[in-house]
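Source file target.tsv; content: TSV, C-alpha atoms.
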```tsv
chain	number	residue	atom	x	y	z
Y	1	MET	CA	25.27	8.17	10.84
Y	2	PHE	CA	21.48	7.96	10.81
Y	3	ASN	CA	21.48	11.73	10.51
Y	4	GLU	CA	22.85	11.39	6.94
Y	5	PHE	CA	19.64	9.60	6.09
Y	6	SER	CA	17.10	11.63	8.02
Y	7	LYS	CA	18.37	15.09	7.09
Y	8	GLY	CA	17.11	14.67	3.51
Y	9	LEU	CA	13.59	13.98	4.70
Y	10	PHE	CA	12.89	17.24	6.54
Y	11	LYS	CA	15.78	19.40	7.68
Y	12	GLU	CA	17.46	19.56	4.26
Y	13	ASN	CA	14.53	18.45	2.13
Y	14	PRO	CA	15.71	18.94	-1.47
Y	15	ILE	CA	12.45	20.47	-2.69
Y	16	PHE	CA	11.19	22.64	0.15
Y	17	ILE	CA	14.36	23.68	1.95
Y	18	VAL	CA	17.23	23.46	-0.55
Y	19	LEU	CA	14.93	24.21	-3.54
Y	20	LEU	CA	16.70	21.81	-5.91
Y	21	GLY	CA	15.17	19.84	-8.76
Y	22	LEU	CA	12.16	22.11	-9.05
Y	23	CYS	CA	11.70	21.88	-12.85
Y	24	PRO	CA	11.00	18.14	-12.99
Y	25	ALA	CA	9.17	18.31	-9.65
Y	26	LEU	CA	6.69	20.88	-10.84
Y	27	ALA	CA	6.33	19.31	-14.29
Y	28	VAL	CA	5.39	15.79	-13.16
Y	29	SER	CA	3.35	16.66	-10.09
Y	30	THR	CA	0.03	16.71	-11.96
Y	31	GLN	CA	-0.89	13.22	-10.75
Y	32	VAL	CA	0.06	11.19	-7.70
Y	33	ILE	CA	1.16	8.19	-9.76
Y	34	ASN	CA	3.65	10.34	-11.71
Y	35	ALA	CA	5.13	11.58	-8.45
Y	36	LEU	CA	5.63	8.01	-7.26
Y	37	GLY	CA	7.21	6.89	-10.57
Y	38	MET	CA	9.47	9.93	-10.79
Y	39	GLY	CA	10.45	9.49	-7.15
Y	40	ALA	CA	11.40	5.85	-7.70
Y	41	GLY	CA	13.49	6.81	-10.74
Y	42	VAL	CA	15.29	9.56	-8.85
Y	43	ILE	CA	16.01	7.29	-5.86
Y	44	PHE	CA	17.54	4.66	-8.16
Y	45	VAL	CA	19.66	7.10	-10.15
Y	46	LEU	CA	20.72	9.02	-7.05
Y	47	LEU	CA	21.76	5.78	-5.34
Y	48	GLY	CA	23.75	4.63	-8.38
Y	49	SER	CA	25.46	7.95	-8.96
Y	50	ASN	CA	26.26	8.53	-5.27
Y	51	ILE	CA	27.78	5.03	-5.01
Y	52	PHE	CA	29.99	5.47	-8.07
Y	53	VAL	CA	30.97	9.05	-7.35
Y	54	SER	CA	31.94	8.06	-3.81
Y	55	LEU	CA	33.92	5.02	-5.04
Y	56	LEU	CA	35.71	7.03	-7.72
Y	57	LYS	CA	36.42	10.10	-5.59
Y	58	GLY	CA	40.16	9.37	-5.53
Y	59	PHE	CA	40.25	8.62	-9.24
Y	60	ILE	CA	38.42	11.60	-10.73
Y	61	PRO	CA	40.65	14.71	-10.95
Y	62	GLU	CA	39.18	17.96	-9.67
Y	63	LYS	CA	39.17	19.61	-13.11
Y	64	ILE	CA	37.00	17.06	-14.87
Y	65	ARG	CA	34.68	16.19	-12.00
Y	66	ILE	CA	31.52	17.77	-13.43
Y	67	PRO	CA	31.71	16.01	-16.85
Y	68	SER	CA	32.56	12.75	-15.09
Y	69	TYR	CA	29.53	13.06	-12.79
Y	70	ILE	CA	27.28	13.87	-15.74
Y	71	VAL	CA	28.50	10.78	-17.64
Y	72	ILE	CA	27.84	8.57	-14.61
Y	73	ILE	CA	24.39	10.08	-14.00
Y	74	ALA	CA	23.42	9.94	-17.68
Y	75	SER	CA	24.44	6.27	-17.88
Y	76	PHE	CA	22.17	5.38	-14.95
Y	77	VAL	CA	19.30	7.37	-16.42
Y	78	THR	CA	19.67	5.58	-19.75
Y	79	ILE	CA	19.69	2.21	-17.98
Y	80	VAL	CA	16.51	3.13	-16.07
Y	81	ASP	CA	14.90	4.31	-19.31
Y	82	LEU	CA	15.75	1.17	-21.30
Y	83	VAL	CA	14.82	-1.26	-18.52
Y	84	MET	CA	11.52	0.51	-17.91
Y	85	LYS	CA	10.70	0.51	-21.63
Y	86	ALA	CA	11.38	-3.22	-21.82
Y	87	TYR	CA	9.86	-4.49	-18.59
Y	88	ALA	CA	7.46	-1.79	-17.30
Y	89	PRO	CA	6.03	-0.27	-20.49
Y	90	SER	CA	2.99	1.36	-18.88
Y	91	LEU	CA	5.11	3.23	-16.36
Y	92	SER	CA	7.49	4.20	-19.14
Y	93	ARG	CA	4.59	5.47	-21.23
Y	94	ASN	CA	3.33	7.58	-18.35
Y	95	LEU	CA	6.64	9.14	-17.38
Y	96	GLY	CA	7.88	9.52	-20.95
Y	97	VAL	CA	10.16	12.50	-21.26
Y	98	PHE	CA	10.63	12.99	-17.54
Y	99	VAL	CA	12.88	9.98	-17.16
Y	100	GLN	CA	15.43	11.55	-19.46
Y	101	LEU	CA	15.01	14.79	-17.54
Y	102	ILE	CA	16.44	13.10	-14.44
Y	103	VAL	CA	19.88	13.72	-16.02
Y	104	VAL	CA	19.54	17.44	-15.45
Y	105	ASN	CA	17.80	17.08	-12.09
Y	106	CYS	CA	20.09	19.20	-9.97
Y	107	VAL	CA	19.34	17.16	-6.83
Y	108	ILE	CA	21.47	14.38	-8.26
Y	109	LEU	CA	24.39	16.48	-9.47
Y	110	GLY	CA	24.11	18.52	-6.28
Y	111	ARG	CA	24.49	15.48	-4.04
Y	112	ALA	CA	27.37	14.12	-6.13
Y	113	GLU	CA	29.22	17.44	-5.93
Y	114	ALA	CA	28.40	18.47	-2.36
Y	115	PHE	CA	28.31	15.12	-0.62
Y	116	ALA	CA	29.33	11.88	-2.34
Y	117	SER	CA	32.60	13.25	-3.71
Y	118	LYS	CA	33.80	13.97	-0.16
Y	119	LYS	CA	32.24	11.25	1.98
Y	120	THR	CA	32.57	7.51	2.48
Y	121	LEU	CA	30.50	4.92	0.65
Y	122	PRO	CA	28.03	4.04	3.48
Y	123	GLU	CA	27.42	7.73	4.20
Y	124	SER	CA	26.79	8.40	0.50
Y	125	ILE	CA	24.33	5.51	0.26
Y	126	LEU	CA	22.37	6.79	3.28
Y	127	ASP	CA	22.47	10.32	1.88
Y	128	ALA	CA	21.12	9.11	-1.48
Y	129	LEU	CA	18.27	7.19	0.15
Y	130	GLY	CA	17.36	10.10	2.42
Y	131	MET	CA	17.51	12.75	-0.28
Y	132	GLY	CA	15.68	10.50	-2.74
Y	133	LEU	CA	12.90	9.79	-0.24
Y	134	GLY	CA	12.73	13.46	0.71
Y	135	PHE	CA	12.36	14.37	-2.96
Y	136	THR	CA	9.63	11.74	-3.37
Y	137	LEU	CA	7.77	12.96	-0.26
Y	138	GLY	CA	7.91	16.56	-1.47
Y	139	LEU	CA	6.68	15.53	-4.90
Y	140	LEU	CA	3.91	13.47	-3.33
Y	141	LEU	CA	2.70	16.42	-1.25
Y	142	ILE	CA	2.62	18.81	-4.24
Y	143	SER	CA	0.96	16.29	-6.53
Y	144	LEU	CA	-1.64	15.34	-3.89
Y	145	ILE	CA	-2.69	18.97	-3.47
Y	146	ARG	CA	-2.67	19.61	-7.22
Y	147	GLU	CA	-4.59	16.50	-8.17
Y	148	VAL	CA	-7.16	16.59	-5.36
Y	149	PHE	CA	-8.07	20.25	-5.88
Y	150	GLY	CA	-7.20	20.53	-9.58
Y	151	ALA	CA	-8.98	17.41	-10.83
Y	152	GLY	CA	-10.83	15.97	-7.83
Y	153	THR	CA	-9.09	12.61	-8.22
Y	154	ILE	CA	-6.19	10.63	-6.81
Y	155	THR	CA	-4.54	8.45	-9.46
Y	156	LEU	CA	-2.70	5.38	-8.18
Y	157	PHE	CA	-1.65	2.10	-9.77
Y	158	ALA	CA	-4.46	0.17	-11.50
Y	159	MET	CA	-4.95	-3.23	-9.90
Y	160	GLY	CA	-7.51	-5.82	-10.97
Y	161	SER	CA	-11.00	-4.30	-11.13
Y	162	PHE	CA	-9.79	-1.05	-9.53
Y	163	ASP	CA	-8.84	1.34	-12.34
Y	164	GLY	CA	-6.42	3.21	-10.10
Y	165	VAL	CA	-8.42	6.44	-9.91
Y	166	VAL	CA	-10.01	7.54	-6.64
Y	167	ARG	CA	-12.70	10.14	-7.36
Y	168	ILE	CA	-13.55	12.64	-4.66
Y	169	PRO	CA	-17.32	13.33	-4.80
Y	170	TRP	CA	-17.87	17.07	-4.92
Y	171	LEU	CA	-14.39	18.09	-6.08
Y	172	SER	CA	-14.28	15.95	-9.20
Y	173	ALA	CA	-17.35	17.81	-10.53
Y	174	ASN	CA	-16.03	21.25	-9.54
Y	175	PRO	CA	-12.23	21.15	-9.83
Y	176	ALA	CA	-10.03	24.26	-9.69
Y	177	ARG	CA	-8.38	23.40	-13.00
Y	178	VAL	CA	-5.70	26.04	-12.71
Y	179	LEU	CA	-3.94	23.91	-10.07
Y	180	GLY	CA	-3.41	21.16	-12.64
Y	181	LEU	CA	-1.74	23.57	-15.05
Y	182	ALA	CA	1.79	24.98	-14.97
Y	183	SER	CA	0.79	28.15	-13.13
Y	184	GLY	CA	-0.93	26.03	-10.47
Y	185	ALA	CA	2.32	24.18	-9.84
Y	186	LEU	CA	4.10	27.45	-9.08
Y	187	LEU	CA	1.24	28.66	-6.88
Y	188	VAL	CA	1.19	25.46	-4.81
Y	189	MET	CA	4.97	25.48	-4.51
Y	190	GLY	CA	4.96	29.12	-3.39
Y	191	PHE	CA	2.31	28.57	-0.72
Y	192	LEU	CA	4.02	25.43	0.57
Y	193	LYS	CA	7.37	27.19	0.76
Y	194	ALA	CA	5.72	30.04	2.67
Y	195	LEU	CA	4.15	27.53	5.04
Y	196	PHE	CA	7.46	25.79	5.73
Y	197	ASN	CA	9.23	29.12	6.22
Y	198	TRP	CA	6.56	30.18	8.70
Y	199	LEU	CA	6.87	26.92	10.61
Y	200	GLU	CA	10.64	27.26	10.82
Y	201	ASP	CA	10.40	30.87	11.84
Y	202	ARG	CA	8.01	30.00	14.64
Y	203	LYS	CA	10.28	27.26	15.87
Y	204	GLU	CA	13.26	29.61	15.97
Y	205	ARG	CA	11.33	32.24	17.88
Y	206	ALA	CA	10.16	29.72	20.41
Y	207	ALA	CA	13.71	28.54	20.98
X	1	MET	CA	50.66	19.30	-19.98
X	2	LYS	CA	50.88	16.01	-18.15
X	3	GLN	CA	47.97	17.05	-15.96
X	4	ILE	CA	45.75	17.69	-18.96
X	5	PHE	CA	46.75	14.37	-20.47
X	6	THR	CA	45.93	12.45	-17.26
X	7	ALA	CA	42.59	14.22	-16.85
X	8	GLY	CA	41.72	13.62	-20.50
X	9	SER	CA	42.55	9.95	-20.46
X	10	LYS	CA	40.68	9.43	-17.19
X	11	LEU	CA	37.59	11.09	-18.64
X	12	PHE	CA	37.98	8.95	-21.74
X	13	LEU	CA	38.20	5.84	-19.57
X	14	ILE	CA	35.02	6.77	-17.68
X	15	CYS	CA	33.17	7.41	-20.95
X	16	ALA	CA	34.42	4.14	-22.43
X	17	VAL	CA	33.25	2.11	-19.43
X	18	ALA	CA	29.88	3.87	-19.53
X	19	ALA	CA	29.53	3.22	-23.26
X	20	VAL	CA	30.33	-0.48	-22.93
X	21	THR	CA	27.87	-0.86	-20.03
X	22	LEU	CA	25.12	0.87	-21.98
X	23	ALA	CA	25.82	-1.23	-25.06
X	24	GLY	CA	25.38	-4.31	-22.90
X	25	VAL	CA	22.09	-3.10	-21.42
X	26	ASN	CA	20.87	-2.11	-24.88
X	27	ALA	CA	21.72	-5.54	-26.29
X	28	ILE	CA	19.51	-7.16	-23.64
X	29	THR	CA	16.57	-4.76	-23.73
X	30	GLU	CA	16.41	-3.90	-27.45
X	31	PRO	CA	14.82	-7.16	-28.66
X	32	VAL	CA	12.32	-7.07	-25.76
X	33	ILE	CA	11.34	-3.48	-26.59
X	34	ARG	CA	10.97	-4.24	-30.32
X	35	GLU	CA	8.86	-7.33	-29.65
X	36	ARG	CA	6.65	-5.36	-27.29
X	37	GLY	CA	6.20	-2.65	-29.91
X	38	GLU	CA	5.12	-5.16	-32.53
X	39	ALA	CA	2.75	-6.90	-30.12
X	40	GLU	CA	1.24	-3.53	-29.16
X	41	LEU	CA	0.69	-2.61	-32.80
X	42	LYS	CA	-0.97	-5.93	-33.52
X	43	GLN	CA	-3.18	-5.61	-30.46
X	44	ALA	CA	-4.20	-2.06	-31.37
X	45	LEU	CA	-5.02	-3.11	-34.94
X	46	ALA	CA	-7.13	-6.00	-33.68
X	47	ALA	CA	-8.95	-3.68	-31.27
X	48	LEU	CA	-9.81	-1.30	-34.12
X	49	SER	CA	-11.21	-3.98	-36.40
X	50	PRO	CA	-11.48	-7.76	-36.11
X	51	ASN	CA	-10.51	-8.09	-39.80
X	52	ALA	CA	-7.28	-6.19	-39.39
X	53	GLY	CA	-5.23	-9.33	-38.87
X	54	THR	CA	-5.50	-10.31	-42.52
X	55	ALA	CA	-5.07	-6.80	-43.97
X	56	GLU	CA	-1.84	-6.03	-45.73
X	57	ALA	CA	0.15	-2.97	-44.75
X	58	VAL	CA	0.78	-0.50	-47.57
X	59	SER	CA	3.59	1.97	-46.95
X	60	VAL	CA	2.88	5.50	-48.14
X	61	SER	CA	5.79	7.71	-47.22
X	62	ALA	CA	8.27	8.15	-44.41
X	63	GLU	CA	7.74	11.92	-44.29
X	64	GLU	CA	4.04	12.59	-44.79
X	65	VAL	CA	1.36	12.52	-42.12
X	66	VAL	CA	-0.01	9.22	-43.47
X	67	ARG	CA	2.77	6.65	-43.01
X	68	THR	CA	1.06	3.34	-43.68
X	69	TYR	CA	-2.45	2.17	-44.40
X	70	TYR	CA	-4.26	-1.13	-44.10
X	71	PRO	CA	-7.17	-1.48	-46.53
X	72	LEU	CA	-9.95	-3.67	-45.07
X	73	LYS	CA	-11.46	-4.72	-48.41
X	74	GLU	CA	-14.51	-6.62	-47.15
X	75	ALA	CA	-15.74	-3.84	-44.86
X	76	GLY	CA	-14.70	-1.03	-47.24
X	77	GLN	CA	-12.78	0.54	-44.38
X	78	TYR	CA	-9.21	1.69	-43.87
X	79	ILE	CA	-6.86	1.72	-40.91
X	80	LEU	CA	-4.27	4.49	-41.15
X	81	GLU	CA	-1.03	4.93	-39.27
X	82	LEU	CA	-0.69	8.69	-38.87
X	83	ILE	CA	2.02	10.90	-37.42
X	84	GLY	CA	0.72	13.99	-35.67
X	85	SER	CA	2.84	16.70	-34.15
X	86	GLY	CA	2.14	17.20	-30.46
X	87	TYR	CA	3.62	19.17	-27.59
X	88	GLY	CA	6.40	16.64	-27.04
X	89	GLY	CA	7.20	15.88	-30.68
X	90	GLU	CA	5.75	13.24	-32.94
X	91	MET	CA	2.70	11.22	-31.92
X	92	LYS	CA	1.82	7.95	-33.57
X	93	ILE	CA	-1.91	7.56	-34.17
X	94	LEU	CA	-3.87	4.58	-35.45
X	95	ALA	CA	-7.30	5.39	-36.85
X	96	LEU	CA	-10.12	3.42	-38.47
X	97	PHE	CA	-11.90	5.26	-41.29
X	98	ALA	CA	-14.98	4.45	-43.36
X	99	GLY	CA	-14.56	4.75	-47.14
X	100	ASP	CA	-16.03	8.27	-47.17
X	101	GLY	CA	-13.47	9.54	-44.66
X	102	THR	CA	-15.62	9.24	-41.54
X	103	VAL	CA	-13.56	8.61	-38.40
X	104	LEU	CA	-14.80	5.44	-36.71
X	105	ASP	CA	-12.21	4.81	-34.01
X	106	VAL	CA	-8.83	6.23	-32.96
X	107	ARG	CA	-5.96	5.08	-30.74
X	108	LEU	CA	-3.00	7.15	-29.63
X	109	MET	CA	0.16	5.03	-29.72
X	110	ASP	CA	3.75	6.15	-29.00
X	111	ASN	CA	3.99	9.75	-27.85
X	112	LEU	CA	5.93	12.04	-25.57
X	113	GLU	CA	3.08	14.23	-24.34
X	114	THR	CA	3.04	15.69	-20.83
X	115	PRO	CA	1.73	13.27	-18.19
X	116	GLY	CA	-1.53	14.51	-16.70
X	117	LEU	CA	-2.17	16.88	-19.62
X	118	GLY	CA	-1.54	15.72	-23.21
X	119	LYS	CA	-1.15	12.11	-22.06
X	120	LYS	CA	-4.87	12.06	-21.29
X	121	ALA	CA	-5.38	11.54	-25.01
X	122	GLU	CA	-4.46	7.89	-24.37
X	123	LEU	CA	-7.63	7.37	-22.33
X	124	PRO	CA	-10.42	5.49	-24.14
X	125	ASP	CA	-13.00	8.30	-23.88
X	126	TYR	CA	-10.74	10.99	-25.30
X	127	MET	CA	-11.20	10.03	-28.94
X	128	LEU	CA	-15.02	9.99	-28.78
X	129	LYS	CA	-15.04	13.66	-29.76
X	130	PHE	CA	-13.65	12.73	-33.19
X	131	LYS	CA	-16.02	9.82	-33.78
X	132	ASP	CA	-18.30	10.19	-36.81
X	133	SER	CA	-16.52	13.34	-38.00
X	134	GLY	CA	-14.46	13.70	-41.16
X	135	GLY	CA	-17.24	12.43	-43.43
X	136	PRO	CA	-19.53	14.46	-45.66
X	137	ASP	CA	-21.79	15.52	-42.76
X	138	ARG	CA	-19.33	16.88	-40.22
X	139	PRO	CA	-15.70	18.04	-40.58
X	140	VAL	CA	-13.03	16.88	-38.12
X	141	PRO	CA	-13.04	19.37	-35.21
X	142	VAL	CA	-9.62	21.03	-35.51
X	143	ARG	CA	-10.34	24.01	-33.28
X	144	LYS	CA	-11.54	24.18	-29.71
X	145	ASP	CA	-14.65	26.19	-30.69
X	146	MET	CA	-15.82	23.30	-32.88
X	147	LEU	CA	-16.32	21.16	-29.77
X	148	ILE	CA	-19.15	21.08	-27.24
X	149	THR	CA	-18.29	22.82	-23.96
X	150	ALA	CA	-17.63	19.66	-21.94
X	151	ASP	CA	-15.15	18.37	-24.53
X	152	ALA	CA	-13.48	21.77	-24.85
X	153	ASP	CA	-13.04	21.94	-21.05
X	154	ALA	CA	-11.51	18.49	-21.01
X	155	ILE	CA	-8.66	19.48	-23.34
X	156	THR	CA	-7.77	22.64	-21.42
X	157	GLY	CA	-4.04	22.73	-20.90
X	158	ALA	CA	-3.43	20.31	-23.75
X	159	THR	CA	-4.70	22.17	-26.80
X	160	ILE	CA	-1.56	21.45	-28.82
X	161	THR	CA	-2.04	17.70	-28.39
X	162	PHE	CA	-5.67	18.01	-29.46
X	163	VAL	CA	-4.86	20.08	-32.55
X	164	GLY	CA	-2.03	17.68	-33.46
X	165	ILE	CA	-4.36	14.69	-33.40
X	166	ALA	CA	-7.18	16.57	-35.13
X	167	LYS	CA	-5.01	17.81	-38.00
X	168	ALA	CA	-3.59	14.31	-38.55
X	169	LEU	CA	-7.12	12.86	-38.63
X	170	GLU	CA	-8.27	15.58	-41.03
X	171	GLN	CA	-5.45	14.71	-43.46
X	172	GLY	CA	-6.16	11.02	-42.92
X	173	ALA	CA	-9.81	11.50	-43.88
X	174	GLU	CA	-8.78	13.30	-47.05
X	175	PHE	CA	-6.29	10.56	-47.90
X	176	VAL	CA	-8.95	7.87	-47.42
X	177	ARG	CA	-11.38	9.67	-49.73
X	178	GLU	CA	-8.73	9.90	-52.46
X	179	VAL	CA	-7.71	6.25	-52.18
X	180	ASN	CA	-11.33	5.15	-52.04
X	181	ASP	CA	-12.23	7.14	-55.19
X	182	VAL	CA	-9.45	5.51	-57.17
X	183	GLN	CA	-10.63	2.03	-56.33
```
Once you've parsed the file, please lay out its structure as structure tokens.
Amino acid sequence: MFNEFSKGLFKENPIFIVLLGLCPALAVSTQVINALGMGAGVIFVLLGSNIFVSLLKGFIPEKIRIPSYIVIIASFVTIVDLVMKAYAPSLSRNLGVFVQLIVVNCVILGRAEAFASKKTLPESILDALGMGLGFTLGLLLISLIREVFGAGTITLFAMGSFDGVVRIPWLSANPARVLGLASGALLVMGFLKALFNWLEDRKERAA
Amino acid sequence: MKQIFTAGSKLFLICAVAAVTLAGVNAITEPVIRERGEAELKQALAALSPNAGTAEAVSVSAEEVVRTYYPLKEAGQYILELIGSGYGGEMKILALFAGDGTVLDVRLMDNLETPGLGKKAELPDYMLKFKDSGGPDRPVPVRKDMLITADADAITGATITFVGIAKALEQGAEFVREVNDVQ
């Protein structure tokens, strides 16, 4: 049972292994805080959609499953968007368009189709948490690399006198700006994927 | 036939439940969001000029760049609500102008720019590059080559946002000069 949770973290990590949800992942990973906000949004929506898809699996006919899933996912995204706008306006301002983009995040539809529509409710909940956390971890790794080398900063939540930005001495004066741009996202993703492939390859050879 | 009917009505049922749920959420959050928007506008106006609280809003047009303006009669200044077109659609901009069209202070309000790139225009230092332009001495910088190198570097990756704000401010400055001449 625990495997349903842990597989999303590493073995079937949605970003690095399954390569799902790359568009939003690469678009928001310019700053660490965006990765955290996007990750939280995805975990919430994934949890909601997996729960409902799993509960309704006997009710939804095969032929209309995709539109049904999209309606369920879109409803959760809209709820997240409205609640964030009303009660967490600064987060909403920062994430802006990306919240609505969660609708088309294929991680969520992918899990509904491949997992929640066939499995029990507890399994689907664990799967959602694992995949959501795995997505967040992947996003965090990409955004950390891009922000540290691309801007020389680490942006977190502002608290009290701390403005939320950690500046790294030499790097913030000499950043490799390309990493912060769209092409940098693809470069970082490519190198990370190569690294993970190499690691897996090595493990297989050793075995 | 029956199969299609069952599938259709089930899909309809799912949509109906979703719609009702969303209507409920919207009914709760809508007043909170509207109130927050009004409070933010008031706060931004007060930050631009201490006299703004008493100024009366004058609507201009729902389609032009200049939507509304607040004449600050005592100071001879104007606050303009401008709509610029950015990378993610419309951007709402509040700007304080002197009577001769000089930009004194700017705030970026609602926008859908890319986080980490265009969104940086919300930071307090961003608008310094427009300060004191737009008057008779210096035009509003609407192209990257009209900026000093450090400023030009800072907008790399978000040129469309910069041009959107600059063009709106340029039109705002012109508008202020016209209104000021009439009075």
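With only C-alpha atoms as the atoms that count, the residue of Y:Asp127, Y:Asp163, Y:Glu113, Y:Asp81 with the shortest distance to Asn13 of chain Y is Y:Asp127.
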What are the closest atom pairs, with distances in Å to one decimal, for all residues of chain X lying within 7 Å of chain Y? Consider only C-alpha atoms, order rows by chain and residue number, and present the result as a tab-separated table.
```
residue	atom	partner	partner_atom	distance
X:Ala7	CA	Y:Pro61	CA	6.2
X:Leu11	CA	Y:Ser68	CA	6.4
X:Ile14	CA	Y:Ser68	CA	7.0
X:Cys15	CA	Y:Val71	CA	6.6
X:Ala18	CA	Y:Ser75	CA	6.2
X:Leu22	CA	Y:Ser75	CA	6.8
X:Val25	CA	Y:Ile79	CA	6.8
X:Thr29	CA	Y:Ala86	CA	5.7
X:Val32	CA	Y:Ala86	CA	5.6
X:Ile33	CA	Y:Ala86	CA	4.8
X:Leu112	CA	Y:Gly96	CA	5.6
X:Pro115	CA	Y:Asn94	CA	5.9
X:Gly116	CA	Y:Thr30	CA	5.5
X:Gly157	CA	Y:Leu181	CA	6.3
```
Residue nearest Leu139 of chain Y - candidates Y:Asp201, Y:Gly8, Y:Ser54, Y:Met189, atoms counted: all atoms listed in the file: Y:Met189
Non-local contacts of Met146 of chain X (12 Å; only C-alpha atoms; under 3 positions in same chain excluded) as a list in words: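 Answer for this query is Lys129, Phe130, Ser133, Arg138, Pro139, Val140, Pro141, Val142, Arg143, Thr149, Ala150, Asp151, Ala152, Phe162, Val163 and Ala166 of chain X.
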Gly164 of chain X environment, 9 Å, all atoms listed in the file, sequence neighbours closer than 5 positions dropped, as a PDB file with C-alpha atoms, in the coordinates of the input:
```pdb
ATOM      1  CA  ILE X  83       2.020  10.900 -37.420  1.00  0.00           C
ATOM      2  CA  GLY X  84       0.720  13.990 -35.670  1.00  0.00           C
ATOM      3  CA  SER X  85       2.840  16.700 -34.150  1.00  0.00           C
ATOM      4  CA  GLY X  86       2.140  17.200 -30.460  1.00  0.00           C
ATOM      5  CA  TYR X  87       3.620  19.170 -27.590  1.00  0.00           C
ATOM      6  CA  GLU X  90       5.750  13.240 -32.940  1.00  0.00           C
ATOM      7  CA  MET X  91       2.700  11.220 -31.920  1.00  0.00           C
ATOM      8  CA  VAL X 142      -9.620  21.030 -35.510  1.00  0.00           C
ATOM      9  CA  THR X 159      -4.700  22.170 -26.800  1.00  0.00           C
ATOM     10  CA  LEU X 169      -7.120  12.860 -38.630  1.00  0.00           C
TER      11      LEU X 169
END
```
Atom CA of Ser172 of chain Y to atom CA of Leu186 of chain Y, distance in Å rounded to a single decimal: 21.7 Å
Take the point (-11.9, 10.7, -41.6) in the file's coordinates, draw a sphere of radius 7 Å around it, and report as a compact mmCIF listing (two decimals) with C-alpha atoms, in the frame of the given file every protein, DNA or RNA residue with an atom inside or on it, counting only C-alpha atoms.
```
# COMPACT_ATOMS: atom_id res chain seq x y z
CA PHE X 97 -11.90 5.26 -41.29
CA GLY X 101 -13.47 9.54 -44.66
CA THR X 102 -15.62 9.24 -41.54
CA VAL X 103 -13.56 8.61 -38.40
CA SER X 133 -16.52 13.34 -38.00
CA GLY X 134 -14.46 13.70 -41.16
CA GLY X 135 -17.24 12.43 -43.43
CA LEU X 169 -7.12 12.86 -38.63
CA GLU X 170 -8.27 15.58 -41.03
CA GLY X 172 -6.16 11.02 -42.92
CA ALA X 173 -9.81 11.50 -43.88
CA GLU X 174 -8.78 13.30 -47.05
```
Atom CA of Ile108 of chain Y to atom CA of Ser90 of chain Y, straight-line distance in Å: 25.0 Å
Distance in Å - atom CA of Phe10 of chain Y versus atom CA of Leu195 of chain Y: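 Computed distance, atom CA of Phe10 of chain Y to atom CA of Leu195 of chain Y, equals 13.6 Å.
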Quick one: residues within 12 Å of Leu133 of chain Y, all atoms listed in the file counted, chain neighbours fewer than 3 positions away excluded, as a compact mmCIF listing (two decimals) with C-alpha atoms, in the frame of the given file?
```
# COMPACT_ATOMS: atom_id res chain seq x y z
CA PHE Y 5 19.64 9.60 6.09
CA SER Y 6 17.10 11.63 8.02
CA LYS Y 7 18.37 15.09 7.09
CA GLY Y 8 17.11 14.67 3.51
CA LEU Y 9 13.59 13.98 4.70
CA PHE Y 10 12.89 17.24 6.54
CA GLU Y 12 17.46 19.56 4.26
CA ASN Y 13 14.53 18.45 2.13
CA PRO Y 14 15.71 18.94 -1.47
CA ILE Y 15 12.45 20.47 -2.69
CA ALA Y 35 5.13 11.58 -8.45
CA LEU Y 36 5.63 8.01 -7.26
CA MET Y 38 9.47 9.93 -10.79
CA GLY Y 39 10.45 9.49 -7.15
CA ALA Y 40 11.40 5.85 -7.70
CA GLY Y 41 13.49 6.81 -10.74
CA VAL Y 42 15.29 9.56 -8.85
CA ILE Y 43 16.01 7.29 -5.86
CA PHE Y 44 17.54 4.66 -8.16
CA LEU Y 46 20.72 9.02 -7.05
CA LEU Y 47 21.76 5.78 -5.34
CA VAL Y 107 19.34 17.16 -6.83
CA LEU Y 126 22.37 6.79 3.28
CA ASP Y 127 22.47 10.32 1.88
CA ALA Y 128 21.12 9.11 -1.48
CA LEU Y 129 18.27 7.19 0.15
CA GLY Y 130 17.36 10.10 2.42
CA THR Y 136 9.63 11.74 -3.37
CA LEU Y 137 7.77 12.96 -0.26
CA GLY Y 138 7.91 16.56 -1.47
CA LEU Y 139 6.68 15.53 -4.90
CA LEU Y 140 3.91 13.47 -3.33
```
Surrounding residues of Ala112 of chain Y excluding itself and chain neighbours under 4 positions, 7 Å, all atoms listed in the file, as a PyMOL selection string: chain Y and resi 50+53+108+116-117
Residues near Arg167 of chain Y, cut-off 12 Å, all atoms listed in the file, skip fewer than 3 positions along chain, as a PyMOL selection string: chain Y and resi 147-156+162-164+170-175
Axis-aligned box over every listed atom of segment 70-80 of chain X, padded by 6 Å per side: centre and edges in Å to one decimal, as JSON?
```
{"center_x": -10.0, "center_y": -1.1, "center_z": -44.7, "size_x": 23.5, "size_y": 23.1, "size_z": 19.5}
```
